[in-house]
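Following: one structure in structure tokens, then a few remarks.
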Amino acid sequence: MILEGIGLSKRFPWGRSLTGVRAWVRALEGATLQVAEGETLALVGESGSGKTTAGRILAGIEVPTAGQVLFRGRHVAGSMGAAPRTGGASRRDYRLGVQMVFQESQASLNPRKTVGQTLDVALAARGMAPARRREAAARLLAEVGMEPVGTFLARFAHQLSGGQRQRVNVARALATEPAVIIADEPVSALDLSVRAQILVLMERLQKQHRVAYLFISHDLAVVRSVAQRVAVMYLGRIVEEGRTEQVFATPLHPYTVALLSATPIPDPRRARLRSRIILPGDVPSPVSPPPGCPFHPRCPVAAEICGREFPPLLETGEGQKALCHFAGTLAPGASAPGRG
Ligand code: SF4
């Protein structure tokens with residue numbers, strides 16, 4: 001595996017009193033994620049599910065409260081947990097080897113720097129000599145389809161469209177020749193037609209550079225088109241994981257079933273046959289998650305045991321896993337054994 005997060009947890013302080021922190025927001029709870037070389041792993045879930053926190057920890061932007069991050073099998077300094085497997089990864093290798101592309105293309109670019117200067121900083125971080133950097137920046141811009149490169153190198157972020165800014169962000173991420181790019185909702189702020197162009201671009205660059213993506217998204221239709229594997233998050237936990245075609249064809253967890261039921265399908269005949277599952281209530285507060293299975297207050301098939309006991313991680317022979325007492329044994333809309 002090129003990048004791994006093992007048992008990652010993150011808690012943020014919530015409210016303070018004279019005696020200290022009043023409570024903790026449990027943004028991430030024991031999440032384990034593994035990204036293989038050259039693959040795309042999608043991390044999906046509703047807003048507040050913990051997917052962005054997981055991405056930021058894997059990118060080294062946040063420090064986990066517990067758990068550890070491994071890059072190329074080596075422990076990354078600053079992440080917690082057990083002793084390194086093979087000695088520590090150099091901070092520099094990790095910093096250059098794992099890059100991030102954010103949803104807000106404008107906010108992630110320095111408004112005072114031209115595109116050329118932005119790329120120059122990234123190329124300098126890689127240790128490239130100044131004399132070679134302008135040519136390398138022009139090559140990167142051409143790779144992301146921004147031509148004529150001379151014109152775009154001199155522009156500032158506010159002089160670019162949203163799609164062009166996101167292309168610059170992708171070029172900047174590629175400048176350090178990373179092994180992994182963590183893309184946090186990279187197309188959700190873009191118009192539909194531009195979205196498709198950026199997704200095609202990212203796919204082409206992945207093939208050319210053998211770069212792996214951790215693709216964070218709430219949009220299952222997009223995820224289906226880009227990812228080889230999917231991990232589904234709910235209330236800070238990974239509740240299901242598997243190959244994309246497995247998870248879409250035979251979801252094991254009731255939350256995944258509900259999410260998929262809301263995803264548009266292009267075939268109108270199949271769309272008519274499918275019924276949407278509306279989950280009751282809202283996502284519970286991460287300050288005081290429910291006991292037992294965190295999904296039980298909203299689960300359409302919850303049984304008595306679900307409110308009492310935390311579910312085990314059940315795995316099928318095909319490598320698909322789900323955090324549910326009845327993973328894969330329930331058809332959507334059925335009742336769990338013992339529920340009546
Ligand atoms: Fe639903 Fe129970 Fe499975 Fe949780 S453990 S997802 S409540 S059936």
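Identifiers in this document derive from the order of the structure tokens: chains are assigned A, B, ..., residues are numbered from 1 separately in each chain, and ligands are numbered from 1 in order of occurrence.
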field: Test item: residues lying within 7 Å of ligand 1 with only C-alpha atoms and all ligand atoms, as a PyMOL selection string
entry: chain A and resi 253-255+293-296+299-303+306+311+323-327+336
Could you take the residues named above and write them with N, CA, C and O atoms, as a PDB file, in the first residue's frame?
```
ATOM      1  N   HIS A 253     -24.394  -2.844   3.786  1.00  0.00           N
ATOM      2  CA  HIS A 253     -24.819  -2.051   4.935  1.00  0.00           C
ATOM      3  C   HIS A 253     -26.106  -1.275   4.598  1.00  0.00           C
ATOM      4  O   HIS A 253     -26.202  -0.676   3.523  1.00  0.00           O
ATOM      5  N   PRO A 254     -27.075  -1.244   5.519  1.00  0.00           N
ATOM      6  CA  PRO A 254     -28.326  -0.526   5.233  1.00  0.00           C
ATOM      7  C   PRO A 254     -28.134   0.952   4.897  1.00  0.00           C
ATOM      8  O   PRO A 254     -28.909   1.524   4.138  1.00  0.00           O
ATOM      9  N   TYR A 255     -27.075   1.573   5.440  1.00  0.00           N
ATOM     10  CA  TYR A 255     -26.832   2.981   5.105  1.00  0.00           C
ATOM     11  C   TYR A 255     -26.417   3.102   3.630  1.00  0.00           C
ATOM     12  O   TYR A 255     -26.878   3.997   2.917  1.00  0.00           O
ATOM     13  N   CYS A 293     -24.964   0.366  17.661  1.00  0.00           N
ATOM     14  CA  CYS A 293     -24.638   0.761  16.284  1.00  0.00           C
ATOM     15  C   CYS A 293     -24.970   2.247  16.111  1.00  0.00           C
ATOM     16  O   CYS A 293     -26.110   2.658  16.361  1.00  0.00           O
ATOM     17  N   PRO A 294     -24.005   3.064  15.659  1.00  0.00           N
ATOM     18  CA  PRO A 294     -24.273   4.506  15.542  1.00  0.00           C
ATOM     19  C   PRO A 294     -25.401   4.825  14.564  1.00  0.00           C
ATOM     20  O   PRO A 294     -25.981   5.902  14.617  1.00  0.00           O
ATOM     21  N   PHE A 295     -25.725   3.884  13.681  1.00  0.00           N
ATOM     22  CA  PHE A 295     -26.763   4.123  12.672  1.00  0.00           C
ATOM     23  C   PHE A 295     -28.142   3.685  13.162  1.00  0.00           C
ATOM     24  O   PHE A 295     -29.143   3.944  12.500  1.00  0.00           O
ATOM     25  N   HIS A 296     -28.237   3.048  14.356  1.00  0.00           N
ATOM     26  CA  HIS A 296     -29.504   2.393  14.709  1.00  0.00           C
ATOM     27  C   HIS A 296     -30.717   3.322  14.822  1.00  0.00           C
ATOM     28  O   HIS A 296     -31.813   2.922  14.460  1.00  0.00           O
ATOM     29  N   CYS A 299     -31.818   3.482  11.186  1.00  0.00           N
ATOM     30  CA  CYS A 299     -31.732   2.294  10.326  1.00  0.00           C
ATOM     31  C   CYS A 299     -33.115   1.681  10.102  1.00  0.00           C
ATOM     32  O   CYS A 299     -33.814   1.365  11.071  1.00  0.00           O
ATOM     33  N   PRO A 300     -33.516   1.473   8.853  1.00  0.00           N
ATOM     34  CA  PRO A 300     -34.847   0.920   8.588  1.00  0.00           C
ATOM     35  C   PRO A 300     -34.984  -0.535   9.026  1.00  0.00           C
ATOM     36  O   PRO A 300     -36.103  -1.047   9.111  1.00  0.00           O
ATOM     37  N   VAL A 301     -33.879  -1.215   9.301  1.00  0.00           N
ATOM     38  CA  VAL A 301     -33.957  -2.632   9.651  1.00  0.00           C
ATOM     39  C   VAL A 301     -33.323  -2.915  11.016  1.00  0.00           C
ATOM     40  O   VAL A 301     -32.932  -4.047  11.292  1.00  0.00           O
ATOM     41  N   ALA A 302     -33.247  -1.901  11.873  1.00  0.00           N
ATOM     42  CA  ALA A 302     -32.586  -2.094  13.175  1.00  0.00           C
ATOM     43  C   ALA A 302     -33.334  -3.118  14.022  1.00  0.00           C
ATOM     44  O   ALA A 302     -34.566  -3.163  14.019  1.00  0.00           O
ATOM     45  N   ALA A 303     -32.589  -3.923  14.749  1.00  0.00           N
ATOM     46  CA  ALA A 303     -33.168  -4.886  15.695  1.00  0.00           C
ATOM     47  C   ALA A 303     -32.774  -4.457  17.108  1.00  0.00           C
ATOM     48  O   ALA A 303     -32.004  -3.497  17.294  1.00  0.00           O
ATOM     49  N   CYS A 306     -29.157  -3.920  18.072  1.00  0.00           N
ATOM     50  CA  CYS A 306     -28.448  -2.795  17.439  1.00  0.00           C
ATOM     51  C   CYS A 306     -28.291  -1.599  18.373  1.00  0.00           C
ATOM     52  O   CYS A 306     -27.310  -0.865  18.283  1.00  0.00           O
ATOM     53  N   PRO A 311     -21.681  -3.121  16.449  1.00  0.00           N
ATOM     54  CA  PRO A 311     -21.634  -4.231  15.479  1.00  0.00           C
ATOM     55  C   PRO A 311     -20.210  -4.654  15.111  1.00  0.00           C
ATOM     56  O   PRO A 311     -19.291  -3.848  15.155  1.00  0.00           O
ATOM     57  N   LEU A 323     -19.878  -2.818   8.630  1.00  0.00           N
ATOM     58  CA  LEU A 323     -19.986  -2.721  10.087  1.00  0.00           C
ATOM     59  C   LEU A 323     -21.467  -2.842  10.453  1.00  0.00           C
ATOM     60  O   LEU A 323     -22.166  -1.841  10.613  1.00  0.00           O
ATOM     61  N   CYS A 324     -21.959  -4.088  10.548  1.00  0.00           N
ATOM     62  CA  CYS A 324     -23.397  -4.287  10.793  1.00  0.00           C
ATOM     63  C   CYS A 324     -23.606  -5.694  11.343  1.00  0.00           C
ATOM     64  O   CYS A 324     -22.973  -6.641  10.879  1.00  0.00           O
ATOM     65  N   HIS A 325     -24.513  -5.819  12.332  1.00  0.00           N
ATOM     66  CA  HIS A 325     -24.813  -7.145  12.877  1.00  0.00           C
ATOM     67  C   HIS A 325     -25.378  -8.078  11.806  1.00  0.00           C
ATOM     68  O   HIS A 325     -25.261  -9.295  11.913  1.00  0.00           O
ATOM     69  N   PHE A 326     -26.016  -7.508  10.803  1.00  0.00           N
ATOM     70  CA  PHE A 326     -26.711  -8.342   9.810  1.00  0.00           C
ATOM     71  C   PHE A 326     -26.200  -8.076   8.398  1.00  0.00           C
ATOM     72  O   PHE A 326     -26.961  -8.165   7.433  1.00  0.00           O
ATOM     73  N   ALA A 327     -24.924  -7.698   8.287  1.00  0.00           N
ATOM     74  CA  ALA A 327     -24.390  -7.275   6.991  1.00  0.00           C
ATOM     75  C   ALA A 327     -24.730  -8.269   5.889  1.00  0.00           C
ATOM     76  O   ALA A 327     -24.406  -9.446   5.975  1.00  0.00           O
ATOM     77  N   ALA A 336     -34.999  -6.960  10.626  1.00  0.00           N
ATOM     78  CA  ALA A 336     -33.907  -7.759  11.180  1.00  0.00           C
ATOM     79  C   ALA A 336     -34.475  -8.854  12.052  1.00  0.00           C
ATOM     80  O   ALA A 336     -35.547  -8.698  12.628  1.00  0.00           O
TER      81      ALA A 336
END
```
message: Among stretch 36-115 of chain A, which residues does DSSP mark as strand (DSSP E or B) when it is run on the backbone? Keep the chain and numbering as in the structure and answer as a list in words.
response: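 Matching residues for strand (DSSP E or B) in stretch 36-115 of chain A are Thr40, Leu41, Ala42, Leu43, Val44, Ala66, Gly67, Gln68, Val69, Leu70, Phe71, Arg74, His75, Val76, Gly88, Ala89, Val98, Gln99, Met100, Val101 and Thr114 of chain A.
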- request: Between A:Leu119, A:Gly150, A:Arg155, A:Asn169, single out the one closest to A:Glu104, counting only C-alpha atoms.
  value: A:Asn169
query: Do you know which residues are at most 12 Å from A:Arg134 counting only C-alpha atoms, after dropping those on the same chain fewer than 5 positions away, and could you put them as a ChimeraX atom specification?
result: /A:115-124,128-129,139-141,149-150,153-154,175
Output N, CA, C and O atoms for every residue in the selection just made, as an mmCIF file, in the first residue's frame.
```cif
data_model
loop_
_atom_site.group_PDB
_atom_site.id
_atom_site.type_symbol
_atom_site.label_atom_id
_atom_site.label_comp_id
_atom_site.auth_asym_id
_atom_site.auth_seq_id
_atom_site.Cartn_x
_atom_site.Cartn_y
_atom_site.Cartn_z
ATOM 1 N N VAL A 115 -0.198 32.329 -11.788
ATOM 2 C CA VAL A 115 -0.162 30.868 -11.959
ATOM 3 C C VAL A 115 1.294 30.401 -12.045
ATOM 4 O O VAL A 115 1.687 29.407 -11.428
ATOM 5 N N GLY A 116 2.104 31.160 -12.789
ATOM 6 C CA GLY A 116 3.522 30.793 -12.944
ATOM 7 C C GLY A 116 4.234 30.769 -11.594
ATOM 8 O O GLY A 116 4.996 29.837 -11.298
ATOM 9 N N GLN A 117 3.973 31.774 -10.769
ATOM 10 C CA GLN A 117 4.631 31.830 -9.444
ATOM 11 C C GLN A 117 4.147 30.688 -8.543
ATOM 12 O O GLN A 117 4.921 30.099 -7.795
ATOM 13 N N THR A 118 2.858 30.366 -8.630
ATOM 14 C CA THR A 118 2.303 29.270 -7.825
ATOM 15 C C THR A 118 2.993 27.956 -8.168
ATOM 16 O O THR A 118 3.398 27.188 -7.285
ATOM 17 N N LEU A 119 3.138 27.716 -9.470
ATOM 18 C CA LEU A 119 3.788 26.459 -9.881
ATOM 19 C C LEU A 119 5.275 26.491 -9.543
ATOM 20 O O LEU A 119 5.862 25.459 -9.195
ATOM 21 N N ASP A 120 5.878 27.680 -9.627
ATOM 22 C CA ASP A 120 7.304 27.817 -9.323
ATOM 23 C C ASP A 120 7.590 27.401 -7.875
ATOM 24 O O ASP A 120 8.571 26.714 -7.601
ATOM 25 N N VAL A 121 6.709 27.819 -6.955
ATOM 26 C CA VAL A 121 6.900 27.473 -5.532
ATOM 27 C C VAL A 121 6.881 25.944 -5.367
ATOM 28 O O VAL A 121 7.718 25.355 -4.673
ATOM 29 N N ALA A 122 5.909 25.295 -6.027
ATOM 30 C CA ALA A 122 5.795 23.835 -5.892
ATOM 31 C C ALA A 122 7.006 23.128 -6.509
ATOM 32 O O ALA A 122 7.522 22.153 -5.944
ATOM 33 N N LEU A 123 7.474 23.634 -7.644
ATOM 34 C CA LEU A 123 8.635 23.008 -8.295
ATOM 35 C C LEU A 123 9.911 23.239 -7.479
ATOM 36 O O LEU A 123 10.777 22.361 -7.399
ATOM 37 N N ALA A 124 9.997 24.400 -6.834
ATOM 38 C CA ALA A 124 11.157 24.685 -5.976
ATOM 39 C C ALA A 124 11.171 23.738 -4.783
ATOM 40 O O ALA A 124 12.235 23.267 -4.357
ATOM 41 N N MET A 128 13.915 21.628 -7.748
ATOM 42 C CA MET A 128 14.305 21.874 -9.142
ATOM 43 C C MET A 128 15.051 23.205 -9.268
ATOM 44 O O MET A 128 14.689 24.191 -8.627
ATOM 45 N N ALA A 129 16.077 23.230 -10.070
ATOM 46 C CA ALA A 129 16.880 24.443 -10.258
ATOM 47 C C ALA A 129 16.034 25.535 -10.904
ATOM 48 O O ALA A 129 15.200 25.240 -11.769
ATOM 49 N N ARG A 139 5.145 23.147 -19.043
ATOM 50 C CA ARG A 139 4.807 21.750 -19.394
ATOM 51 C C ARG A 139 3.612 21.270 -18.568
ATOM 52 O O ARG A 139 2.703 20.633 -19.070
ATOM 53 N N LEU A 140 3.635 21.626 -17.279
ATOM 54 C CA LEU A 140 2.518 21.214 -16.400
ATOM 55 C C LEU A 140 1.192 21.823 -16.860
ATOM 56 O O LEU A 140 0.160 21.155 -16.897
ATOM 57 N N LEU A 141 1.253 23.111 -17.216
ATOM 58 C CA LEU A 141 0.016 23.769 -17.668
ATOM 59 C C LEU A 141 -0.506 23.131 -18.954
ATOM 60 O O LEU A 141 -1.717 22.949 -19.124
ATOM 61 N N VAL A 149 -0.003 28.492 -22.934
ATOM 62 C CA VAL A 149 0.553 28.488 -21.579
ATOM 63 C C VAL A 149 1.125 29.848 -21.186
ATOM 64 O O VAL A 149 1.034 30.254 -20.028
ATOM 65 N N GLY A 150 1.697 30.574 -22.158
ATOM 66 C CA GLY A 150 2.296 31.883 -21.854
ATOM 67 C C GLY A 150 1.257 32.821 -21.247
ATOM 68 O O GLY A 150 1.538 33.536 -20.276
ATOM 69 N N LEU A 153 0.235 31.490 -17.606
ATOM 70 C CA LEU A 153 1.293 31.606 -16.579
ATOM 71 C C LEU A 153 1.276 32.984 -15.921
ATOM 72 O O LEU A 153 1.609 33.126 -14.746
ATOM 73 N N ALA A 154 0.840 33.994 -16.674
ATOM 74 C CA ALA A 154 0.887 35.372 -16.155
ATOM 75 C C ALA A 154 -0.406 35.773 -15.447
ATOM 76 O O ALA A 154 -0.502 36.873 -14.920
ATOM 77 N N ALA A 175 3.116 18.939 -9.555
ATOM 78 C CA ALA A 175 4.460 19.515 -9.666
ATOM 79 C C ALA A 175 5.482 18.795 -8.801
ATOM 80 O O ALA A 175 6.663 18.769 -9.118
#
```
Write out as a Markdown table the residues of stretch 16-52 of chain A that have any atom within 7 Å of an atom of stretch 1-12 of chain A, one row each with the nearest atom pair and its distance in Å to one decimal, counting only C-alpha atoms, sorted by chain and then rising number.
```
| residue | atom | partner | partner_atom | distance |
| --- | --- | --- | --- | --- |
| A:Trp24 | CA | A:Phe12 | CA | 5.5 |
| A:Val25 | CA | A:Phe12 | CA | 5.0 |
| A:Arg26 | CA | A:Arg11 | CA | 4.6 |
| A:Ala27 | CA | A:Lys10 | CA | 5.6 |
| A:Leu28 | CA | A:Ser9 | CA | 4.6 |
| A:Glu29 | CA | A:Ser9 | CA | 4.5 |
| A:Gly30 | CA | A:Gly7 | CA | 4.1 |
| A:Ala31 | CA | A:Leu8 | CA | 4.8 |
| A:Thr32 | CA | A:Ile6 | CA | 4.4 |
| A:Leu33 | CA | A:Gly5 | CA | 5.1 |
| A:Gln34 | CA | A:Glu4 | CA | 4.4 |
| A:Val35 | CA | A:Leu3 | CA | 5.2 |
| A:Ala36 | CA | A:Met1 | CA | 4.5 |
| A:Glu37 | CA | A:Ile2 | CA | 5.4 |
```
May I have the selected residues written with all heavy atoms, as a short mmCIF file (atom, residue, chain, number, x, y, z; two decimals), in the first residue's frame?
```
data_model
loop_
_atom_site.label_atom_id
_atom_site.label_comp_id
_atom_site.auth_asym_id
_atom_site.auth_seq_id
_atom_site.Cartn_x
_atom_site.Cartn_y
_atom_site.Cartn_z
N TRP A 24 -16.36 16.85 23.56
CA TRP A 24 -15.50 16.62 22.39
C TRP A 24 -16.35 16.19 21.21
O TRP A 24 -17.25 15.36 21.35
CB TRP A 24 -14.48 15.51 22.70
CG TRP A 24 -13.50 15.92 23.76
CD1 TRP A 24 -13.63 15.73 25.10
CD2 TRP A 24 -12.27 16.63 23.58
NE1 TRP A 24 -12.56 16.26 25.78
CE2 TRP A 24 -11.70 16.82 24.86
CE3 TRP A 24 -11.59 17.12 22.46
CZ2 TRP A 24 -10.48 17.47 25.05
CZ3 TRP A 24 -10.38 17.77 22.65
CH2 TRP A 24 -9.84 17.94 23.93
N VAL A 25 -16.04 16.76 20.05
CA VAL A 25 -16.68 16.32 18.81
C VAL A 25 -15.86 15.15 18.28
O VAL A 25 -14.66 15.28 18.05
CB VAL A 25 -16.69 17.45 17.75
CG1 VAL A 25 -17.27 16.93 16.44
CG2 VAL A 25 -17.47 18.64 18.26
N ARG A 26 -16.53 14.00 18.12
CA ARG A 26 -15.81 12.82 17.62
C ARG A 26 -15.91 12.80 16.10
O ARG A 26 -16.82 12.18 15.54
CB ARG A 26 -16.42 11.55 18.21
CG ARG A 26 -16.36 11.55 19.72
CD ARG A 26 -17.23 10.45 20.25
NE ARG A 26 -17.38 10.58 21.68
CZ ARG A 26 -17.43 9.57 22.52
NH1 ARG A 26 -17.37 8.34 22.09
NH2 ARG A 26 -17.56 9.79 23.81
N ALA A 27 -15.00 13.50 15.46
CA ALA A 27 -15.08 13.65 14.00
C ALA A 27 -14.70 12.37 13.28
O ALA A 27 -15.19 12.09 12.18
CB ALA A 27 -14.17 14.79 13.55
N LEU A 28 -13.82 11.59 13.89
CA LEU A 28 -13.35 10.35 13.25
C LEU A 28 -13.14 9.33 14.35
O LEU A 28 -12.57 9.65 15.39
CB LEU A 28 -12.04 10.65 12.52
CG LEU A 28 -11.58 9.70 11.43
CD1 LEU A 28 -12.62 9.63 10.31
CD2 LEU A 28 -10.24 10.15 10.85
N GLU A 29 -13.60 8.08 14.10
CA GLU A 29 -13.54 7.06 15.15
C GLU A 29 -12.94 5.76 14.60
O GLU A 29 -13.63 4.98 13.94
CB GLU A 29 -14.95 6.76 15.68
CG GLU A 29 -15.54 7.87 16.52
CD GLU A 29 -15.07 7.84 17.97
OE1 GLU A 29 -13.97 7.35 18.25
OE2 GLU A 29 -15.83 8.31 18.83
N GLY A 30 -11.66 5.59 14.78
CA GLY A 30 -11.03 4.31 14.44
C GLY A 30 -11.10 3.92 12.97
O GLY A 30 -11.29 2.76 12.63
N ALA A 31 -10.91 4.90 12.07
CA ALA A 31 -11.02 4.61 10.63
C ALA A 31 -9.71 4.03 10.09
O ALA A 31 -8.64 4.57 10.34
CB ALA A 31 -11.37 5.89 9.87
N THR A 32 -9.82 2.93 9.36
CA THR A 32 -8.66 2.34 8.70
C THR A 32 -8.87 2.39 7.20
O THR A 32 -9.90 1.93 6.70
CB THR A 32 -8.43 0.90 9.18
OG1 THR A 32 -8.00 0.96 10.55
CG2 THR A 32 -7.37 0.19 8.36
N LEU A 33 -7.91 3.00 6.50
CA LEU A 33 -8.03 3.20 5.04
C LEU A 33 -6.71 2.84 4.38
O LEU A 33 -5.65 3.19 4.90
CB LEU A 33 -8.28 4.68 4.74
CG LEU A 33 -9.66 5.23 5.00
CD1 LEU A 33 -9.61 6.73 5.02
CD2 LEU A 33 -10.60 4.76 3.89
N GLN A 34 -6.79 2.20 3.24
CA GLN A 34 -5.56 1.84 2.55
C GLN A 34 -5.69 2.19 1.07
O GLN A 34 -6.67 1.80 0.43
CB GLN A 34 -5.29 0.35 2.71
CG GLN A 34 -5.03 0.00 4.16
CD GLN A 34 -4.93 -1.47 4.42
OE1 GLN A 34 -5.75 -2.22 3.90
NE2 GLN A 34 -3.97 -1.88 5.21
N VAL A 35 -4.72 2.93 0.57
CA VAL A 35 -4.74 3.32 -0.84
C VAL A 35 -3.57 2.62 -1.53
O VAL A 35 -2.43 2.75 -1.12
CB VAL A 35 -4.59 4.86 -0.99
CG1 VAL A 35 -4.73 5.27 -2.44
CG2 VAL A 35 -5.60 5.60 -0.11
N ALA A 36 -3.89 1.86 -2.59
CA ALA A 36 -2.84 1.14 -3.31
C ALA A 36 -2.28 2.03 -4.42
O ALA A 36 -2.94 2.97 -4.88
CB ALA A 36 -3.40 -0.14 -3.90
N GLU A 37 -1.08 1.69 -4.87
CA GLU A 37 -0.41 2.45 -5.91
C GLU A 37 -1.28 2.55 -7.17
O GLU A 37 -1.79 1.52 -7.64
CB GLU A 37 0.89 1.71 -6.26
CG GLU A 37 1.97 2.60 -6.79
CD GLU A 37 3.28 1.84 -6.84
OE1 GLU A 37 3.61 1.17 -5.84
OE2 GLU A 37 3.93 1.92 -7.87
#
```
message: Restricting the calculation to only C-alpha atoms: of A:Ile305, A:Val21, A:Leu70, A:Leu43, which residue gets closest to A:Met233?
response: A:Leu43
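Residue nearest A:Glu185 within the list A:Asp219, A:Glu39, A:Glu203, A:Asp93: A:Asp219 [criterion: smallest interatomic distance, only C-alpha atoms].
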field: Pick from A:Ala227, A:Leu174, A:Ile265, A:Met100, whichever lies nearest to A:Thr40 using only C-alpha atoms
entry: A:Ala227
Shell of 6 Å around stretch 257-263 of chain A, only C-alpha atoms, local chain residues under 4 positions omitted, as a ChimeraX atom specification: /A:251,276-277
Save out the residues we just selected, N, CA, C and O atoms, as a CSV table (one decimal), in the first residue's frame.
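File written: result.csv
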```csv
chain,number,residue,atom,x,y,z
A,251,PRO,N,-24.8,-3.9,-2.1
A,251,PRO,CA,-24.4,-3.2,-0.8
A,251,PRO,C,-24.8,-4.1,0.4
A,251,PRO,O,-25.8,-4.7,0.4
A,276,ARG,N,-37.0,4.8,-3.5
A,276,ARG,CA,-36.1,5.5,-2.7
A,276,ARG,C,-36.3,5.3,-1.2
A,276,ARG,O,-37.4,5.3,-0.7
A,277,ILE,N,-35.2,5.1,-0.4
A,277,ILE,CA,-35.3,4.9,1.0
A,277,ILE,C,-35.1,6.2,1.7
A,277,ILE,O,-34.0,6.8,1.5
```
message: Show me, as a list in words, the residues that have an atom within 10 Å of A:Thr52 when counting only C-alpha atoms, minus same-chain residues fewer than 2 positions from it.
response: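 Listing them by chain and then by number gives Ala27, Leu28, Leu43, Val44, Gly45, Ser47, Gly48, Ser49, Gly50, Ala54, Gly55, Arg56, Ile57, Leu58, Phe102, Ile182, Ala183, Asp184, Glu185, Ile216 and Ser217 of chain A.
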field: Spatial neighbours of A:Leu41, 6 Å, only C-alpha atoms, chain gap at least 2 places, as a list in words
entry: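 That gives Leu214, Ala227, Arg229 and Val230 of chain A.
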task: State, in Å with one decimal place, the distance from atom CA of A:Val239 to atom CA of A:Pro264.
output: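 Those two atoms sit 21.9 Å apart.
When atom CA of A:Thr114 is paired with atom CA of A:Ala157, their separation reads 7.0 Å.
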message: Which residues are near A:Thr244? Cut-off 12 Å, only C-alpha atoms, ignore same chain within fewer than 2 positions. Put them as a VMD selection string.
response: chain A and resid 39 to 44 220 to 232 240 to 242 246 to 251 256 319 to 320
- request: Using DSSP on the backbone coordinates, identify the residues of stretch 21-270 of chain A assigned to alpha helix (DSSP H); present them as a PyMOL selection string.
  value: chain A and resi 51-58+91-97+115-125+130-143+149-153+162-174+192-209+220-226+244-249+254-261+268-270
task: Please indicate the distance in Å from atom CA of A:Ser275 to atom CA of A:Leu190, rounded to one decimal place.
output: 29.1 Å
field: Nearest to A:Glu304, chosen from A:Pro186, A:Gly127, A:Gly292, A:Gly163, with only C-alpha atoms counted in the distances
entry: A:Gly292
